[in-house]
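As provided, structure39.txt (compact mmCIF, C-alpha atoms) reads as follows.
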# COMPACT_ATOMS: atom_id res chain seq x y z
CA MET A 8 46.24 57.17 33.85
CA ALA A 9 42.48 57.32 33.28
CA ASP A 10 42.51 54.28 31.02
CA ASP A 11 44.02 51.96 33.62
CA THR A 12 41.77 49.39 35.31
CA THR A 13 42.46 47.46 38.41
CA ALA A 14 41.88 43.68 38.17
CA PRO A 15 41.03 41.61 41.24
CA VAL A 16 43.77 39.60 42.81
CA GLY A 17 44.04 36.10 41.26
CA ALA A 18 42.07 37.07 38.15
CA THR A 19 43.61 36.73 34.75
CA VAL A 20 42.57 39.05 32.00
CA SER A 21 42.93 37.59 28.52
CA PRO A 22 43.55 40.03 25.74
CA ALA A 23 41.21 38.03 23.46
CA THR A 24 38.26 38.50 25.79
CA SER A 25 35.50 40.65 24.35
CA PRO A 26 32.05 41.72 25.49
CA THR A 27 30.45 39.41 22.91
CA GLN A 28 31.58 36.33 24.84
CA ALA A 29 29.52 37.21 27.90
CA PRO A 30 26.36 35.35 26.76
CA VAL A 31 28.43 32.19 26.19
CA VAL A 32 29.68 32.34 29.77
CA VAL A 33 26.14 32.88 31.03
CA ARG A 34 24.77 29.89 29.10
CA ALA A 35 27.61 27.67 30.32
CA SER A 36 26.91 28.73 33.89
CA ALA A 37 23.21 27.94 33.42
CA ARG A 38 23.98 24.45 32.17
CA THR A 39 26.32 23.89 35.09
CA ALA A 40 23.69 25.05 37.55
CA ALA A 41 21.10 22.71 36.00
CA ARG A 42 23.14 19.67 36.89
CA ALA A 43 22.20 17.59 39.87
CA PRO A 44 24.39 17.45 42.97
CA GLY A 45 27.52 15.41 42.48
CA GLY A 46 28.08 16.54 38.90
CA ARG A 47 25.36 14.28 37.39
CA ARG A 48 22.60 15.46 35.13
CA GLY A 49 19.08 15.23 36.40
CA PRO A 50 16.31 13.31 34.62
CA GLY A 51 15.60 15.11 31.38
CA PRO A 52 14.04 14.61 27.94
CA ALA A 53 16.38 11.70 27.12
CA TRP A 54 15.10 9.64 30.06
CA ARG A 55 11.48 10.42 29.25
CA LYS A 56 12.03 9.48 25.61
CA ARG A 57 13.43 6.08 26.58
CA ALA A 58 10.53 5.52 28.95
CA GLU A 59 8.02 6.34 26.22
CA ILE A 60 9.73 3.94 23.81
CA VAL A 61 9.64 1.12 26.36
CA PHE A 62 6.03 1.87 27.25
CA PHE A 63 4.76 1.70 23.66
CA VAL A 64 7.04 -1.07 22.34
CA ALA A 65 6.86 -3.47 25.30
CA PRO A 66 3.26 -4.70 24.67
CA ALA A 67 4.05 -5.45 21.02
CA LEU A 68 7.24 -7.28 21.97
CA ILE A 69 5.38 -9.32 24.58
CA LEU A 70 2.69 -10.34 22.09
CA PHE A 71 5.31 -11.10 19.42
CA THR A 72 7.28 -13.25 21.84
CA PHE A 73 4.21 -15.09 23.09
CA PHE A 74 2.55 -15.76 19.72
CA VAL A 75 5.56 -16.02 17.36
CA VAL A 76 8.86 -16.70 19.10
CA TRP A 77 7.55 -19.14 21.70
CA PRO A 78 5.58 -21.30 19.18
CA ILE A 79 8.68 -21.52 16.98
CA ILE A 80 10.77 -22.68 19.94
CA LYS A 81 8.15 -25.28 20.90
CA ALA A 82 7.87 -26.49 17.30
CA VAL A 83 11.62 -27.05 17.16
CA GLN A 84 11.42 -28.92 20.46
CA PHE A 85 8.53 -31.15 19.34
CA SER A 86 10.28 -31.91 16.04
CA LEU A 87 13.07 -33.70 17.91
CA TYR A 88 10.72 -36.24 19.52
CA ARG A 89 8.33 -38.95 18.42
CA TRP A 90 5.21 -37.59 20.08
CA LYS A 91 1.51 -38.37 19.67
CA GLY A 92 0.23 -35.21 21.30
CA PHE A 93 -0.19 -36.45 24.87
CA GLY A 94 2.18 -37.42 27.64
CA PRO A 95 5.72 -36.18 28.29
CA LEU A 96 8.40 -35.84 25.64
CA VAL A 97 10.50 -38.94 26.26
CA ASP A 98 11.09 -40.58 22.86
CA PHE A 99 13.95 -38.45 21.53
CA VAL A 100 14.71 -39.14 17.85
CA GLY A 101 16.90 -36.20 16.94
CA LEU A 102 16.78 -35.28 13.25
CA ARG A 103 14.94 -38.41 12.13
CA ASN A 104 11.67 -36.53 11.74
CA TYR A 105 13.35 -34.07 9.38
CA VAL A 106 14.80 -36.91 7.34
CA SER A 107 11.38 -38.58 7.18
CA VAL A 108 9.73 -35.38 5.99
CA LEU A 109 12.33 -34.66 3.31
CA GLN A 110 12.15 -38.24 2.05
CA ASN A 111 8.36 -38.22 1.96
CA ASP A 112 7.05 -38.03 -1.62
CA VAL A 113 3.87 -36.30 -0.48
CA PHE A 114 5.86 -33.47 1.10
CA THR A 115 8.14 -33.02 -1.91
CA ASP A 116 5.06 -32.92 -4.17
CA ALA A 117 3.49 -30.38 -1.80
CA LEU A 118 6.61 -28.21 -2.06
CA GLN A 119 6.36 -28.35 -5.86
CA HIS A 120 2.70 -27.38 -5.69
CA ASN A 121 3.53 -24.36 -3.52
CA LEU A 122 6.24 -23.24 -5.92
CA LEU A 123 3.86 -23.65 -8.87
CA VAL A 124 1.29 -21.49 -7.11
CA VAL A 125 3.99 -18.86 -6.50
CA VAL A 126 5.02 -18.83 -10.17
CA PHE A 127 1.53 -18.83 -11.65
CA SER A 128 0.26 -16.24 -9.19
CA ILE A 129 2.94 -13.81 -10.32
CA LEU A 130 2.69 -14.69 -14.02
CA ILE A 131 -1.10 -14.33 -14.08
CA GLN A 132 -1.98 -11.74 -11.46
CA LEU A 133 0.86 -9.33 -12.20
CA PRO A 134 0.04 -8.51 -15.86
CA LEU A 135 -3.71 -8.87 -15.35
CA GLY A 136 -3.76 -6.71 -12.23
CA LEU A 137 -1.52 -4.10 -13.85
CA ALA A 138 -3.72 -3.92 -16.94
CA ILE A 139 -6.88 -3.51 -14.86
CA ALA A 140 -5.20 -0.89 -12.67
CA LEU A 141 -4.12 1.14 -15.71
CA LEU A 142 -7.65 0.93 -17.07
CA LEU A 143 -9.29 1.95 -13.80
CA ASN A 144 -6.81 4.77 -13.32
CA ARG A 145 -8.50 6.64 -16.16
CA LYS A 146 -11.55 8.74 -15.54
CA MET A 147 -14.62 6.83 -16.66
CA TRP A 148 -18.24 6.29 -15.77
CA GLY A 149 -18.72 3.85 -12.87
CA GLN A 150 -15.05 3.89 -11.90
CA GLY A 151 -15.75 3.54 -8.18
CA LEU A 152 -18.25 0.71 -8.75
CA LEU A 153 -15.76 -1.23 -10.86
CA ARG A 154 -13.07 -0.86 -8.22
CA THR A 155 -15.46 -2.12 -5.57
CA ILE A 156 -16.49 -5.15 -7.65
CA ILE A 157 -12.87 -6.13 -8.23
CA PHE A 158 -11.88 -5.66 -4.58
CA VAL A 159 -14.89 -7.47 -3.04
CA PRO A 160 -13.51 -11.03 -3.56
CA TYR A 161 -10.40 -10.15 -1.55
CA VAL A 162 -12.34 -8.94 1.49
CA LEU A 163 -14.51 -12.06 1.50
CA ALA A 164 -13.51 -14.66 4.04
CA GLU A 165 -11.62 -17.60 2.58
CA VAL A 166 -14.20 -20.00 4.02
CA ILE A 167 -17.08 -18.24 2.27
CA ALA A 168 -15.22 -17.97 -1.03
CA GLY A 169 -14.11 -21.60 -0.83
CA VAL A 170 -17.61 -22.91 -0.16
CA VAL A 171 -19.06 -20.84 -2.99
CA TRP A 172 -16.51 -22.10 -5.51
CA PHE A 173 -16.88 -25.65 -4.24
CA GLN A 174 -20.55 -25.49 -5.15
CA LEU A 175 -19.87 -23.80 -8.49
CA LEU A 176 -17.40 -26.52 -9.53
CA GLN A 177 -19.59 -29.52 -8.70
CA PRO A 178 -19.61 -32.05 -11.59
CA LYS A 179 -23.39 -32.54 -11.94
CA TYR A 180 -25.33 -29.57 -10.60
CA GLY A 181 -22.60 -26.94 -10.57
CA VAL A 182 -23.08 -23.63 -12.33
CA ILE A 183 -19.82 -24.02 -14.25
CA GLU A 184 -20.97 -27.35 -15.69
CA ALA A 185 -24.32 -25.82 -16.63
CA MET A 186 -22.64 -22.93 -18.43
CA LEU A 187 -20.34 -25.28 -20.33
CA GLY A 188 -23.28 -27.48 -21.28
CA ALA A 189 -25.16 -24.46 -22.62
CA VAL A 190 -22.44 -23.88 -25.21
CA GLY A 191 -22.00 -27.56 -26.07
CA LEU A 192 -18.99 -28.26 -23.85
CA GLU A 193 -18.55 -30.49 -20.86
CA GLY A 194 -16.07 -30.66 -18.04
CA PRO A 195 -14.17 -33.68 -16.67
CA PRO A 196 -16.40 -36.63 -15.72
CA GLN A 197 -15.24 -36.49 -12.09
CA GLY A 198 -15.44 -32.73 -11.90
CA TRP A 199 -12.79 -30.06 -11.92
CA LEU A 200 -11.85 -30.71 -8.30
CA GLY A 201 -12.00 -34.49 -8.59
CA THR A 202 -9.60 -34.95 -11.50
CA PRO A 203 -5.90 -34.95 -10.51
CA ASP A 204 -4.79 -33.23 -13.72
CA ARG A 205 -7.34 -30.43 -13.40
CA ALA A 206 -7.65 -29.91 -9.64
CA LEU A 207 -4.53 -27.76 -9.22
CA ILE A 208 -5.53 -25.64 -12.25
CA ALA A 209 -8.96 -25.06 -10.72
CA VAL A 210 -7.36 -24.05 -7.41
CA ILE A 211 -5.07 -21.55 -9.17
CA VAL A 212 -8.08 -20.04 -10.98
CA VAL A 213 -9.92 -19.61 -7.69
CA LEU A 214 -6.85 -18.06 -6.06
CA THR A 215 -6.51 -15.64 -8.97
CA TRP A 216 -10.14 -14.57 -8.59
CA LYS A 217 -9.70 -14.22 -4.82
CA TYR A 218 -6.48 -12.21 -4.63
CA LEU A 219 -6.51 -10.22 -7.88
CA GLY A 220 -8.28 -7.37 -6.11
CA LEU A 221 -5.34 -6.87 -3.75
CA ALA A 222 -2.96 -6.47 -6.68
CA VAL A 223 -5.28 -4.00 -8.41
CA ILE A 224 -5.71 -1.86 -5.28
CA LEU A 225 -1.98 -1.77 -4.57
CA PHE A 226 -1.18 -0.88 -8.18
CA LEU A 227 -3.82 1.86 -8.18
CA ALA A 228 -2.32 3.28 -5.00
CA GLY A 229 1.10 3.27 -6.64
CA LEU A 230 -0.25 5.00 -9.73
CA GLN A 231 -1.49 7.88 -7.60
CA GLY A 232 2.12 8.71 -6.80
CA VAL A 233 3.17 9.13 -10.43
CA PRO A 234 3.34 12.88 -11.20
CA GLU A 235 0.96 14.11 -13.86
CA GLU A 236 3.66 16.38 -15.23
CA LEU A 237 5.53 13.38 -16.59
CA PHE A 238 2.53 12.26 -18.63
CA GLU A 239 2.03 15.78 -19.97
CA ALA A 240 5.69 16.01 -20.92
CA SER A 241 5.54 12.65 -22.71
CA GLN A 242 2.49 13.78 -24.69
CA LEU A 243 4.29 16.95 -25.73
CA ASP A 244 7.24 14.84 -26.89
CA GLY A 245 4.91 12.74 -29.05
CA ALA A 246 5.21 9.49 -27.08
CA SER A 247 2.50 6.88 -27.59
CA TRP A 248 0.40 5.47 -24.77
CA TRP A 249 2.41 2.25 -24.64
CA GLN A 250 5.72 4.12 -24.66
CA THR A 251 4.49 6.28 -21.79
CA GLN A 252 3.53 3.23 -19.75
CA ARG A 253 6.73 1.36 -20.53
CA LYS A 254 9.12 4.25 -19.99
CA ILE A 255 7.39 6.17 -17.19
CA THR A 256 4.57 4.36 -15.43
CA ILE A 257 5.99 0.86 -14.96
CA PRO A 258 9.49 2.00 -13.82
CA LEU A 259 7.98 4.38 -11.26
CA LEU A 260 5.60 1.62 -10.17
CA GLY A 261 8.54 -0.73 -9.58
CA PRO A 262 8.58 -0.54 -5.74
CA THR A 263 4.86 -1.33 -5.58
CA LEU A 264 5.22 -4.25 -8.00
CA ARG A 265 8.12 -5.72 -6.04
CA THR A 266 6.29 -5.34 -2.73
CA TRP A 267 3.19 -7.07 -4.10
CA ALA A 268 5.29 -9.90 -5.55
CA PHE A 269 6.89 -10.40 -2.13
CA LEU A 270 3.49 -10.60 -0.42
CA SER A 271 2.21 -12.98 -3.09
CA MET A 272 5.23 -15.27 -2.68
CA ILE A 273 4.93 -15.50 1.10
CA GLY A 274 1.16 -16.02 0.91
CA SER A 275 1.53 -18.79 -1.67
CA LEU A 276 4.01 -20.65 0.52
CA GLN A 277 1.56 -20.52 3.43
CA LEU A 278 -1.45 -21.53 1.34
CA PHE A 279 -3.88 -23.65 3.33
CA ASP A 280 -7.46 -22.52 3.87
CA MET A 281 -8.66 -22.32 0.26
CA VAL A 282 -7.09 -25.67 -0.67
CA TRP A 283 -8.43 -27.33 2.46
CA ILE A 284 -11.98 -26.23 1.74
CA LEU A 285 -11.91 -27.11 -1.96
CA THR A 286 -10.00 -30.40 -2.04
CA LYS A 287 -8.35 -31.08 1.37
CA GLY A 288 -5.20 -31.74 -0.62
CA GLY A 289 -6.75 -34.32 -2.96
CA PRO A 290 -7.49 -36.02 -5.18
CA ALA A 291 -4.52 -38.36 -4.76
CA ASN A 292 -2.48 -35.53 -3.18
CA ALA A 293 -2.72 -33.53 -6.42
CA THR A 294 -3.27 -30.24 -4.57
CA THR A 295 -1.42 -30.91 -1.32
CA THR A 296 0.53 -27.98 0.07
CA MET A 297 3.12 -27.94 2.82
CA VAL A 298 0.60 -26.62 5.32
CA THR A 299 -2.07 -29.20 4.44
CA PHE A 300 0.60 -31.89 4.77
CA LEU A 301 1.61 -30.88 8.29
CA VAL A 302 -2.03 -30.39 9.35
CA THR A 303 -2.91 -33.87 8.08
CA GLU A 304 0.07 -35.43 9.85
CA GLY A 305 -0.70 -33.64 13.10
CA THR A 306 -4.49 -33.84 13.36
CA LYS A 307 -5.38 -37.03 11.50
CA ARG A 308 -2.34 -39.25 11.99
CA GLN A 309 -1.27 -37.86 15.37
CA ASN A 310 2.34 -37.54 14.22
CA PHE A 311 3.08 -34.26 15.95
CA GLY A 312 6.82 -34.77 15.67
CA ILE A 313 6.57 -35.12 11.89
CA ALA A 314 4.16 -32.18 11.68
CA SER A 315 6.46 -30.00 13.77
CA ALA A 316 9.44 -30.91 11.60
CA ALA A 317 7.45 -30.01 8.48
CA SER A 318 6.48 -26.67 10.01
CA VAL A 319 10.12 -25.88 10.84
CA ILE A 320 11.15 -26.77 7.26
CA LEU A 321 8.38 -24.53 5.91
CA PHE A 322 9.58 -21.70 8.15
CA VAL A 323 13.17 -22.09 6.97
CA ILE A 324 12.15 -22.19 3.28
CA ALA A 325 9.99 -19.08 3.64
CA LEU A 326 12.70 -17.26 5.60
CA VAL A 327 15.42 -18.09 3.07
CA LEU A 328 13.26 -17.04 0.12
CA ALA A 329 12.21 -13.84 1.87
CA LEU A 330 15.79 -12.86 2.75
CA THR A 331 17.01 -13.73 -0.75
CA TYR A 332 14.23 -11.71 -2.34
CA GLN A 333 14.91 -8.71 -0.15
CA ARG A 334 18.65 -8.98 -0.75
CA PHE A 335 18.57 -9.18 -4.55
CA VAL A 336 15.19 -7.80 -5.65
CA MET A 337 14.13 -5.22 -3.08
CA ARG A 338 17.63 -3.92 -2.41
CA ARG A 339 17.10 -0.99 -4.77
CA ASP A 340 14.11 0.11 -2.70
CA THR A 341 16.00 0.11 0.62
CA HIS A 342 19.44 1.37 -0.44
CA ASP A 343 20.51 4.58 -2.08
CA PRO A 344 21.82 3.65 -5.56
CA ALA A 345 23.90 6.81 -5.80
CA PRO A 346 27.26 6.48 -4.04
CA ARG A 347 27.80 9.01 -1.33
CA LYS A 348 30.91 11.11 -1.43
CA LYS A 349 33.01 11.47 1.66
CA ALA A 350 32.69 14.83 3.33
CA THR A 351 35.73 17.02 2.86
CA ARG A 352 36.93 19.35 5.52

I'd like the structure from this file rewritten - as structure tokens, please.
Amino acid sequence: MADDTTAPVGATVSPATSPTQAPVVVRASARTAARAPGGRRGPGPAWRKRAEIVFFVAPALILFTFFVVWPIIKAVQFSLYRWKGFGPLVDFVGLRNYVSVLQNDVFTDALQHNLLVVVFSILIQLPLGLAIALLLNRKMWGQGLLRTIIFVPYVLAEVIAGVVWFQLLQPKYGVIEAMLGAVGLEGPPQGWLGTPDRALIAVIVVLTWKYLGLAVILFLAGLQGVPEELFEASQLDGASWWQTQRKITIPLLGPTLRTWAFLSMIGSLQLFDMVWILTKGGPANATTTMVTFLVTEGTKRQNFGIASAASVILFVIALVLALTYQRFVMRRDTHDPAPRKKATR
């Protein structure tokens, strides 16, 4: 018959085979031919991608290991010895340095001072920075100049800002005393930085002036991401300005507020330079922080074992607070609140 075809010997013709399957066979043959001898694939995009990752990540990992991981390991090692900073580590004391630090009244007071700075920084800078950001977010004359003036203190070096405020707060010839005297008031006899009851308050005021600009800039950046359509819709619904801010602006600004609070908390726990320039932890340890305590023990008293133990305790406290904050406060920013449904086949 004319319709009959002769198939080669050993070939099997499937009735389901159609001309449309030919390209699939061709592509499969091409992939098979691209393989290296022995059935292995040759070096391809996957290998190059891994090489690029190693090339770009390795320098950062090396620097992180050398400047972060290795100092932490050495601090833990030094904290187990009574060491004066020279000679080999031979006087092993175990956990005695940690016990000495935790039983030291100066260190416990320093921990309280750090926590007070954390609380007051958030309670003062958060509402003040948010109010200034909402004000500067409006179109007004000199908007750019005002933003610059508020942000300038943050970009100043801590040493420069500390020296300036140290001169301003002097008890006799300071500008603050002169301004108070002009209105019939007077400051403490020993000065704001020399009175134990006022020194920590003065430090918190200086810190607020120094770091308020960071909060304002971050909040302004967050406000740029709020859609204008929401404000227009709220105006059409008859909402007041305060209702708009409370119901729309602040909730949408939540991730920025939580991120700034996290940065403020970690920075307050590591507070050193501004306090060291203004008071060096005095008077009578009224402004001592955990970092000034360990620096004093290490550099002035040559108790490097005690200082290392204090640094390890500070690291653990900061790590625990950071993980707790991320777990309970910033969880909503890193996890999808809406439960995902299982895919159905």

List the spatial neighbours of Thr115 in chain A as a ChimeraX atom specification - criterion: any atom at most 10 Å away, all atoms listed in the file, same-chain residues fewer than 5 positions off excluded. /A:108-110,120-121,295-297

Residue selection dump (C-alpha atoms) as a compact mmCIF listing (two decimals), in the frame of the given file:
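Everything below was put into out_16.txt:
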# COMPACT_ATOMS: atom_id res chain seq x y z
CA VAL A 108 9.73 -35.38 5.99
CA LEU A 109 12.33 -34.66 3.31
CA GLN A 110 12.15 -38.24 2.05
CA HIS A 120 2.70 -27.38 -5.69
CA ASN A 121 3.53 -24.36 -3.52
CA THR A 295 -1.42 -30.91 -1.32
CA THR A 296 0.53 -27.98 0.07
CA MET A 297 3.12 -27.94 2.82

Cut-off 6 Å: closest range 201-279 of chain A/range 151-166 of chain A atom pairs per residue, using all atoms listed in the file, as a tab-separated table:
residue	atom	partner	partner_atom	distance
A:Lys217	CA	A:Pro160	CA	5.1
A:Tyr218	CA	A:Tyr161	CA	5.4
A:Gly220	CA	A:Phe158	CA	4.3

For C-alpha atoms, I'd like the residues from the last selection saved as a short mmCIF file (atom, residue, chain, number, x, y, z; two decimals), in the coordinates of the input.
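Wrote part39.cif, looks like this:
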data_model
loop_
_atom_site.label_atom_id
_atom_site.label_comp_id
_atom_site.auth_asym_id
_atom_site.auth_seq_id
_atom_site.Cartn_x
_atom_site.Cartn_y
_atom_site.Cartn_z
CA LYS A 217 -9.70 -14.22 -4.82
CA TYR A 218 -6.48 -12.21 -4.63
CA GLY A 220 -8.28 -7.37 -6.11
#

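Among the candidates A:Leu230, A:Ala117, A:Ile284, A:Ala293, the one nearest to Arg145 in chain A when counting only C-alpha atoms is A:Leu230.
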
For Thr266 in chain A, which of A:Pro196, A:Gly288, A:Gly245, A:Gly229 is the closest residue, counting only C-alpha atoms?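 With only C-alpha atoms as the atom set, the closest residue is A:Gly229.
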
Can you work out the spacing between CA of Gly181 in chain A and CA of Val213 in chain A in Å, to one decimal?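 Separation of CA of Gly181 in chain A and CA of Val213 in chain A: 14.9 Å.
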
Nearest to Leu276 in chain A by atom-to-atom distance, counting all atoms listed in the file, from A:Tyr332, A:Leu122, A:Ser128, A:Glu236: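 Answer, going by the shortest atom-to-atom distance: A:Leu122.
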
Tell me, in Å to one decimal, how far CA of Asn144 in chain A is from CA of Phe226 in chain A.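 Going from CA of Asn144 in chain A over to CA of Phe226 in chain A, I get 9.5 Å.
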
What's the 12 Å shell around Phe322 in chain A, counting all atoms listed in the file, without same-chain residues fewer than 3 positions away, as a PyMOL selection string? chain A and resi 75+78-80+82-83+273+276-277+297-298+315-319+325-329

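Between Thr215 in chain A and the candidates A:Trp249, A:Gly261, A:Glu235, A:Leu130, the tightest atom-to-atom separation, counting all atoms listed in the file, involves A:Leu130.
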
CA of Phe311 in chain A to CA of Trp90 in chain A, straight-line distance in Å: 5.7 Å

Using only C-alpha atoms, find the one residue out of A:Ile208, A:Leu141, A:Val125, A:Leu301 that sits nearest to Ala228 in chain A. A:Leu141

Would you please work out which residue, of A:Phe335, A:Trp283, A:Tyr105, A:Phe99, is nearest to Phe173 in chain A when using all atoms listed in the file? A:Trp283

Please return range 201-210 of chain A, rebuilt to all heavy atoms, as a CSV table (one decimal), in the coordinates of the input.
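And here is the file that came out, part-v2.csv:
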chain,number,residue,atom,x,y,z
A,201,GLY,N,-12.2,-33.1,-8.8
A,201,GLY,CA,-12.0,-34.5,-8.6
A,201,GLY,C,-11.1,-35.1,-9.6
A,201,GLY,O,-10.8,-36.3,-9.5
A,202,THR,N,-10.5,-34.4,-10.5
A,202,THR,CA,-9.6,-35.0,-11.5
A,202,THR,C,-8.2,-34.5,-11.1
A,202,THR,O,-8.0,-33.3,-11.0
A,202,THR,CB,-10.0,-34.5,-12.9
A,202,THR,OG1,-11.3,-34.8,-13.2
A,202,THR,CG2,-9.1,-35.1,-14.0
A,203,PRO,N,-7.2,-35.4,-10.9
A,203,PRO,CA,-5.9,-35.0,-10.5
A,203,PRO,C,-5.2,-34.0,-11.5
A,203,PRO,O,-4.5,-33.1,-11.0
A,203,PRO,CB,-5.1,-36.3,-10.4
A,203,PRO,CG,-6.2,-37.3,-10.2
A,203,PRO,CD,-7.4,-36.9,-10.9
A,204,ASP,N,-5.5,-34.1,-12.8
A,204,ASP,CA,-4.8,-33.2,-13.7
A,204,ASP,C,-5.4,-31.8,-13.8
A,204,ASP,O,-4.8,-30.9,-14.3
A,204,ASP,CB,-4.8,-33.9,-15.1
A,204,ASP,CG,-4.1,-35.2,-15.2
A,204,ASP,OD1,-3.2,-35.4,-14.3
A,204,ASP,OD2,-4.4,-36.0,-16.1
A,205,ARG,N,-6.6,-31.7,-13.3
A,205,ARG,CA,-7.3,-30.4,-13.4
A,205,ARG,C,-7.5,-29.7,-12.0
A,205,ARG,O,-7.8,-28.6,-12.0
A,205,ARG,CB,-8.7,-30.6,-14.0
A,205,ARG,CG,-8.7,-31.4,-15.3
A,205,ARG,CD,-8.1,-30.6,-16.4
A,205,ARG,NE,-8.1,-31.4,-17.7
A,205,ARG,CZ,-9.1,-31.5,-18.5
A,205,ARG,NH1,-10.2,-30.8,-18.3
A,205,ARG,NH2,-9.0,-32.2,-19.6
A,206,ALA,N,-7.3,-30.5,-11.0
A,206,ALA,CA,-7.6,-29.9,-9.6
A,206,ALA,C,-6.7,-28.7,-9.3
A,206,ALA,O,-7.2,-27.7,-8.8
A,206,ALA,CB,-7.5,-31.0,-8.6
A,207,LEU,N,-5.4,-28.9,-9.6
A,207,LEU,CA,-4.5,-27.8,-9.2
A,207,LEU,C,-4.8,-26.5,-10.1
A,207,LEU,O,-4.7,-25.4,-9.6
A,207,LEU,CB,-3.1,-28.2,-9.4
A,207,LEU,CG,-2.0,-27.2,-8.9
A,207,LEU,CD1,-2.2,-26.9,-7.5
A,207,LEU,CD2,-0.6,-27.8,-9.2
A,208,ILE,N,-5.2,-26.8,-11.4
A,208,ILE,CA,-5.5,-25.6,-12.2
A,208,ILE,C,-6.8,-24.9,-11.7
A,208,ILE,O,-6.8,-23.7,-11.7
A,208,ILE,CB,-5.8,-26.1,-13.7
A,208,ILE,CG1,-4.5,-26.8,-14.2
A,208,ILE,CG2,-6.2,-25.0,-14.6
A,208,ILE,CD1,-4.7,-27.4,-15.6
A,209,ALA,N,-7.8,-25.7,-11.3
A,209,ALA,CA,-9.0,-25.1,-10.7
A,209,ALA,C,-8.6,-24.3,-9.5
A,209,ALA,O,-9.2,-23.2,-9.3
A,209,ALA,CB,-10.0,-26.1,-10.4
A,210,VAL,N,-7.7,-24.8,-8.6
A,210,VAL,CA,-7.4,-24.0,-7.4
A,210,VAL,C,-6.7,-22.7,-7.8
A,210,VAL,O,-6.9,-21.7,-7.2
A,210,VAL,CB,-6.5,-24.9,-6.5
A,210,VAL,CG1,-5.9,-24.1,-5.4
A,210,VAL,CG2,-7.3,-26.1,-6.0
